[in-house]
$ cat upload-v5.cif   # mmCIF, C-alpha atoms
data_run
#
loop_
_atom_site.group_PDB
_atom_site.id
_atom_site.type_symbol
_atom_site.label_atom_id
_atom_site.label_comp_id
_atom_site.auth_asym_id
_atom_site.auth_seq_id
_atom_site.Cartn_x
_atom_site.Cartn_y
_atom_site.Cartn_z
ATOM 1 C CA MET A 3 6.297 -25.908 57.786
ATOM 2 C CA THR A 4 5.224 -29.482 57.052
ATOM 3 C CA GLY A 5 1.591 -28.388 56.643
ATOM 4 C CA LEU A 6 2.575 -25.673 54.167
ATOM 5 C CA LEU A 7 4.750 -28.094 52.208
ATOM 6 C CA THR A 8 1.898 -30.622 52.035
ATOM 7 C CA PHE A 9 -0.438 -27.840 50.828
ATOM 8 C CA LEU A 10 1.983 -26.692 48.130
ATOM 9 C CA VAL A 11 2.609 -30.228 46.889
ATOM 10 C CA ALA A 12 -1.161 -30.841 46.716
ATOM 11 C CA LEU A 13 -1.871 -27.699 44.655
ATOM 12 C CA PRO A 14 -1.245 -29.228 41.200
ATOM 13 C CA SER A 15 -3.574 -32.141 41.906
ATOM 14 C CA LEU A 16 -6.293 -29.831 43.247
ATOM 15 C CA ALA A 17 -6.165 -27.753 40.060
ATOM 16 C CA ALA A 18 -6.095 -30.792 37.768
ATOM 17 C CA ASP A 19 -9.847 -31.439 37.499
ATOM 18 C CA ARG A 20 -10.689 -27.730 37.292
ATOM 19 C CA ASP A 21 -8.335 -27.447 34.317
ATOM 20 C CA LYS A 22 -10.069 -30.389 32.616
ATOM 21 C CA PHE A 23 -13.350 -28.444 32.604
ATOM 22 C CA ILE A 24 -11.891 -25.504 30.659
ATOM 23 C CA GLY A 25 -13.206 -25.386 27.102
ATOM 24 C CA THR A 26 -16.358 -25.953 25.098
ATOM 25 C CA TRP A 27 -18.405 -29.148 25.332
ATOM 26 C CA LYS A 28 -21.227 -30.304 23.036
ATOM 27 C CA LEU A 29 -24.189 -32.243 24.419
ATOM 28 C CA VAL A 30 -24.153 -35.933 23.484
ATOM 29 C CA SER A 31 -27.084 -37.218 25.531
ATOM 30 C CA ILE A 32 -29.387 -36.721 28.484
ATOM 31 C CA GLU A 33 -30.465 -39.701 30.560
ATOM 32 C CA ASP A 34 -33.435 -38.673 32.677
ATOM 33 C CA HIS A 35 -35.011 -41.311 34.898
ATOM 34 C CA ARG A 36 -36.577 -38.925 37.419
ATOM 35 C CA PRO A 37 -40.123 -39.910 38.426
ATOM 36 C CA ASP A 38 -41.347 -36.326 37.882
ATOM 37 C CA ARG A 39 -39.677 -35.781 34.504
ATOM 38 C CA ALA A 40 -43.010 -35.557 32.661
ATOM 39 C CA THR A 41 -43.891 -32.436 34.670
ATOM 40 C CA SER A 42 -40.382 -31.004 34.757
ATOM 41 C CA ARG A 43 -39.649 -27.549 33.361
ATOM 42 C CA MET A 44 -36.942 -29.209 31.284
ATOM 43 C CA GLN A 45 -38.928 -30.567 28.332
ATOM 44 C CA LEU A 46 -36.244 -30.809 25.686
ATOM 45 C CA GLY A 47 -37.649 -33.389 23.293
ATOM 46 C CA PRO A 48 -36.071 -36.664 22.182
ATOM 47 C CA HIS A 49 -32.946 -35.103 20.581
ATOM 48 C CA PRO A 50 -31.841 -32.035 22.554
ATOM 49 C CA ILE A 51 -28.812 -30.041 21.440
ATOM 50 C CA GLY A 52 -26.587 -27.819 23.517
ATOM 51 C CA TYR A 53 -23.233 -26.509 24.613
ATOM 52 C CA ILE A 54 -21.598 -25.877 27.953
ATOM 53 C CA MET A 55 -18.502 -23.697 28.287
ATOM 54 C CA TYR A 56 -16.076 -23.201 31.140
ATOM 55 C CA ASP A 57 -13.306 -20.585 31.077
ATOM 56 C CA ARG A 58 -10.141 -19.998 33.078
ATOM 57 C CA SER A 59 -11.612 -16.966 34.849
ATOM 58 C CA GLY A 60 -14.065 -19.285 36.626
ATOM 59 C CA HIS A 61 -17.145 -18.571 34.535
ATOM 60 C CA MET A 62 -19.468 -20.959 32.760
ATOM 61 C CA CYS A 63 -22.423 -20.807 30.418
ATOM 62 C CA VAL A 64 -24.828 -23.493 29.231
ATOM 63 C CA GLU A 65 -27.642 -23.612 26.696
ATOM 64 C CA ILE A 66 -29.688 -26.680 25.835
ATOM 65 C CA LEU A 67 -32.736 -26.633 23.627
ATOM 66 C CA ASP A 68 -35.248 -28.773 21.837
ATOM 67 C CA PRO A 69 -34.415 -28.286 18.134
ATOM 68 C CA ASP A 70 -37.952 -29.376 17.259
ATOM 69 C CA ARG A 71 -39.642 -26.505 19.090
ATOM 70 C CA PRO A 72 -42.409 -25.060 16.917
ATOM 71 C CA LYS A 73 -41.364 -22.058 14.881
ATOM 72 C CA TRP A 74 -43.223 -18.828 15.494
ATOM 73 C CA ALA A 75 -45.909 -18.031 12.928
ATOM 74 C CA SER A 76 -44.486 -14.554 12.399
ATOM 75 C CA GLY A 77 -41.552 -14.829 10.004
ATOM 76 C CA GLU A 78 -40.726 -11.145 10.122
ATOM 77 C CA SER A 79 -37.516 -9.745 11.584
ATOM 78 C CA ASN A 80 -39.704 -8.047 14.218
ATOM 79 C CA TYR A 81 -41.215 -11.133 15.843
ATOM 80 C CA HIS A 82 -44.543 -10.885 17.608
ATOM 81 C CA PRO A 83 -45.057 -14.312 19.216
ATOM 82 C CA THR A 84 -48.310 -15.410 20.736
ATOM 83 C CA GLU A 85 -48.465 -16.437 24.399
ATOM 84 C CA ALA A 86 -48.470 -20.100 23.323
ATOM 85 C CA GLU A 87 -45.381 -19.546 21.160
ATOM 86 C CA LEU A 88 -43.565 -17.870 24.044
ATOM 87 C CA ARG A 89 -44.497 -20.769 26.343
ATOM 88 C CA SER A 90 -43.193 -23.378 23.864
ATOM 89 C CA THR A 91 -39.931 -21.451 23.575
ATOM 90 C CA GLU A 92 -39.488 -21.340 27.347
ATOM 91 C CA ASP A 93 -40.423 -25.002 27.785
ATOM 92 C CA GLY A 94 -37.853 -26.100 25.216
ATOM 93 C CA LEU A 95 -34.876 -24.128 26.527
ATOM 94 C CA VAL A 96 -32.465 -24.296 29.449
ATOM 95 C CA ALA A 97 -29.959 -21.448 29.588
ATOM 96 C CA TYR A 98 -27.883 -19.946 32.364
ATOM 97 C CA CYS A 99 -24.449 -18.474 33.107
ATOM 98 C CA GLY A 100 -22.369 -17.696 36.157
ATOM 99 C CA ARG A 101 -19.289 -18.636 38.120
ATOM 100 C CA PHE A 102 -18.242 -22.204 38.852
ATOM 101 C CA GLU A 103 -16.224 -24.016 41.510
ATOM 102 C CA VAL A 104 -14.839 -27.547 41.417
ATOM 103 C CA ASN A 105 -14.622 -29.809 44.471
ATOM 104 C CA GLN A 106 -12.144 -32.392 43.202
ATOM 105 C CA LYS A 107 -12.101 -34.396 46.423
ATOM 106 C CA GLU A 108 -15.856 -35.082 46.322
ATOM 107 C CA LYS A 109 -16.100 -34.914 42.492
ATOM 108 C CA PHE A 110 -18.697 -32.200 42.078
ATOM 109 C CA VAL A 111 -18.882 -28.828 40.371
ATOM 110 C CA VAL A 112 -21.134 -26.004 41.553
ATOM 111 C CA HIS A 113 -22.613 -23.584 39.043
ATOM 112 C CA HIS A 114 -23.384 -20.261 40.775
ATOM 113 C CA VAL A 115 -26.249 -18.919 38.652
ATOM 114 C CA GLU A 116 -25.951 -15.212 37.778
ATOM 115 C CA LEU A 117 -28.071 -15.102 34.591
ATOM 116 C CA GLU A 118 -31.015 -17.418 33.969
ATOM 117 C CA LEU A 119 -34.103 -17.713 31.802
ATOM 118 C CA VAL A 120 -36.238 -18.047 34.959
ATOM 119 C CA PRO A 121 -35.701 -14.959 37.166
ATOM 120 C CA ASN A 122 -36.390 -16.897 40.389
ATOM 121 C CA GLU A 123 -33.324 -19.082 39.720
ATOM 122 C CA ILE A 124 -30.830 -16.196 39.737
ATOM 123 C CA GLY A 125 -28.583 -16.658 42.754
ATOM 124 C CA ALA A 126 -29.116 -20.427 42.891
ATOM 125 C CA ASP A 127 -26.237 -22.871 43.266
ATOM 126 C CA ARG A 128 -26.487 -25.952 41.053
ATOM 127 C CA LYS A 129 -24.394 -28.894 42.195
ATOM 128 C CA ARG A 130 -23.448 -31.535 39.624
ATOM 129 C CA HIS A 131 -21.379 -34.613 40.287
ATOM 130 C CA TYR A 132 -18.897 -35.126 37.474
ATOM 131 C CA ARG A 133 -16.791 -37.757 35.800
ATOM 132 C CA PHE A 134 -14.279 -37.442 32.967
ATOM 133 C CA THR A 135 -13.901 -40.343 30.540
ATOM 134 C CA GLY A 136 -11.577 -39.679 27.615
ATOM 135 C CA ASN A 137 -12.931 -36.613 25.789
ATOM 136 C CA ARG A 138 -16.288 -36.815 27.574
ATOM 137 C CA LEU A 139 -17.679 -35.135 30.669
ATOM 138 C CA GLU A 140 -20.633 -36.548 32.582
ATOM 139 C CA LEU A 141 -22.609 -34.194 34.817
ATOM 140 C CA SER A 142 -25.249 -35.572 37.185
ATOM 141 C CA PRO A 143 -27.580 -33.057 38.851
ATOM 142 C CA SER A 144 -29.287 -35.982 40.622
ATOM 143 C CA PRO A 145 -28.823 -39.762 40.871
ATOM 144 C CA ASP A 146 -31.631 -40.183 38.303
ATOM 145 C CA MET A 147 -30.209 -37.831 35.687
ATOM 146 C CA LYS A 148 -26.989 -37.657 33.664
ATOM 147 C CA LEU A 149 -25.882 -35.280 30.919
ATOM 148 C CA THR A 150 -22.989 -36.426 28.741
ATOM 149 C CA TRP A 151 -20.875 -33.827 26.947
ATOM 150 C CA GLU A 152 -18.062 -34.236 24.414
ATOM 151 C CA ARG A 153 -15.162 -31.793 24.176
ATOM 152 C CA VAL A 154 -15.271 -29.628 21.038
ATOM 153 C CA LYS A 155 -11.958 -29.625 19.186
#

$ encode --input "upload-v5.cif" --output "structure tokens"
Amino acid sequence: MTGLLTFLVALPSLAADRDKFIGTWKLVSIEDHRPDRATSRMQLGPHPIGYIMYDRSGHMCVEILDPDRPKWASGESNYHPTEAELRSTEDGLVAYCGRFEVNQKEKFVVHHVELELVPNEIGADRKRHYRFTGNRLELSPSPDMKLTWERVK
């Protein structure tokens, strides 16, 4: 009985950080000090913009892009981009959705990728260490990289 009581008392604290994730967050900054960042797929320019959303059902979605990506030459409603235009679009965009889980004890969230721009990444698990500071959320996919998000009100 003592074990069950301890479990039940701990439930509110285990749910606390997960509840803090719920909502919409706007990208404030990306700090990227990885040695291979120049060759990384994530080439988002000097002023990337983006949103990340977490909902109560346990799903998340993120999109970050380089707002300075070149526009396609075709201005029609039926776009016909060149191969180079398609490549620049892909290089300047990170987008995926899926389920998420929070490990409050070790302070990380796992994004279980179900939809992704790159087909090979579907099914991947992306672990991010997190920290909440006021109305901000910091996510670190690696020790050399940090994304800071601000809660949208």

$ atom_distance --input "upload-v5.cif" --atom1 "CA of Lys28 (chain A)" --atom2 "CA of Ile51 (chain A)"
7.8 Å

$ residues_around --input "upload-v5.cif" --residues "Thr91 (chain A)" --least-positions-apart "2" --cutoff "12 Å" --atoms "all atoms listed in the file" --output "ChimeraX atom specification"
/A:43-46,66-74,83-89,93-97,119

$ atom_distance --input "upload-v5.cif" --atom1 "CA of Leu139 (chain A)" --atom2 "CA of Glu152 (chain A)"
6.3 Å

$ closest_residue --input "upload-v5.cif" --among "A:Lys148, A:Lys129, A:Lys22, A:His35" --to "Glu103 (chain A)" --atoms "only C-alpha atoms"
A:Lys129

$ closest_residue --input "upload-v5.cif" --among "A:Gly60, A:Pro143, A:Gly100, A:Gly25" --to "Gly125 (chain A)" --atoms "only C-alpha atoms"
A:Gly100

$ atom_distance --input "upload-v5.cif" --atom1 "CA of Arg36 (chain A)" --atom2 "CA of His114 (chain A)"
23.1 Å

$ resolve_selection --input "upload-v5.cif" --expression "the PyMOL selection byres ((chain A and resi 132) around 12)" --output "VMD selection string"
chain A and resid 19 to 20 22 to 23 104 to 112 129 to 131 133 to 135 138 to 145 147 to 151

$ resolve_selection --input "upload-v5.cif" --expression "the PyMOL selection byres ((chain A and resi 124) around 12)" --output "ChimeraX atom specification"
/A:97-101,113-123,125-128

$ residues_near_point --input "upload-v5.cif" --point "(-20.7, -30.3, 23.7)" --cutoff "7 Å" --atoms "all atoms listed in the file" --output "list in words"
Thr26, Trp27, Lys28, Leu29, Val30, Gly52, Tyr53, Ile54, Trp151, Glu152, Arg153 and Val154 of chain A

$ closest_residue --input "upload-v5.cif" --among "A:Asp146, A:Asp57, A:Ser90, A:Gly136" --to "Ile24 (chain A)" --atoms "only C-alpha atoms"
A:Asp57
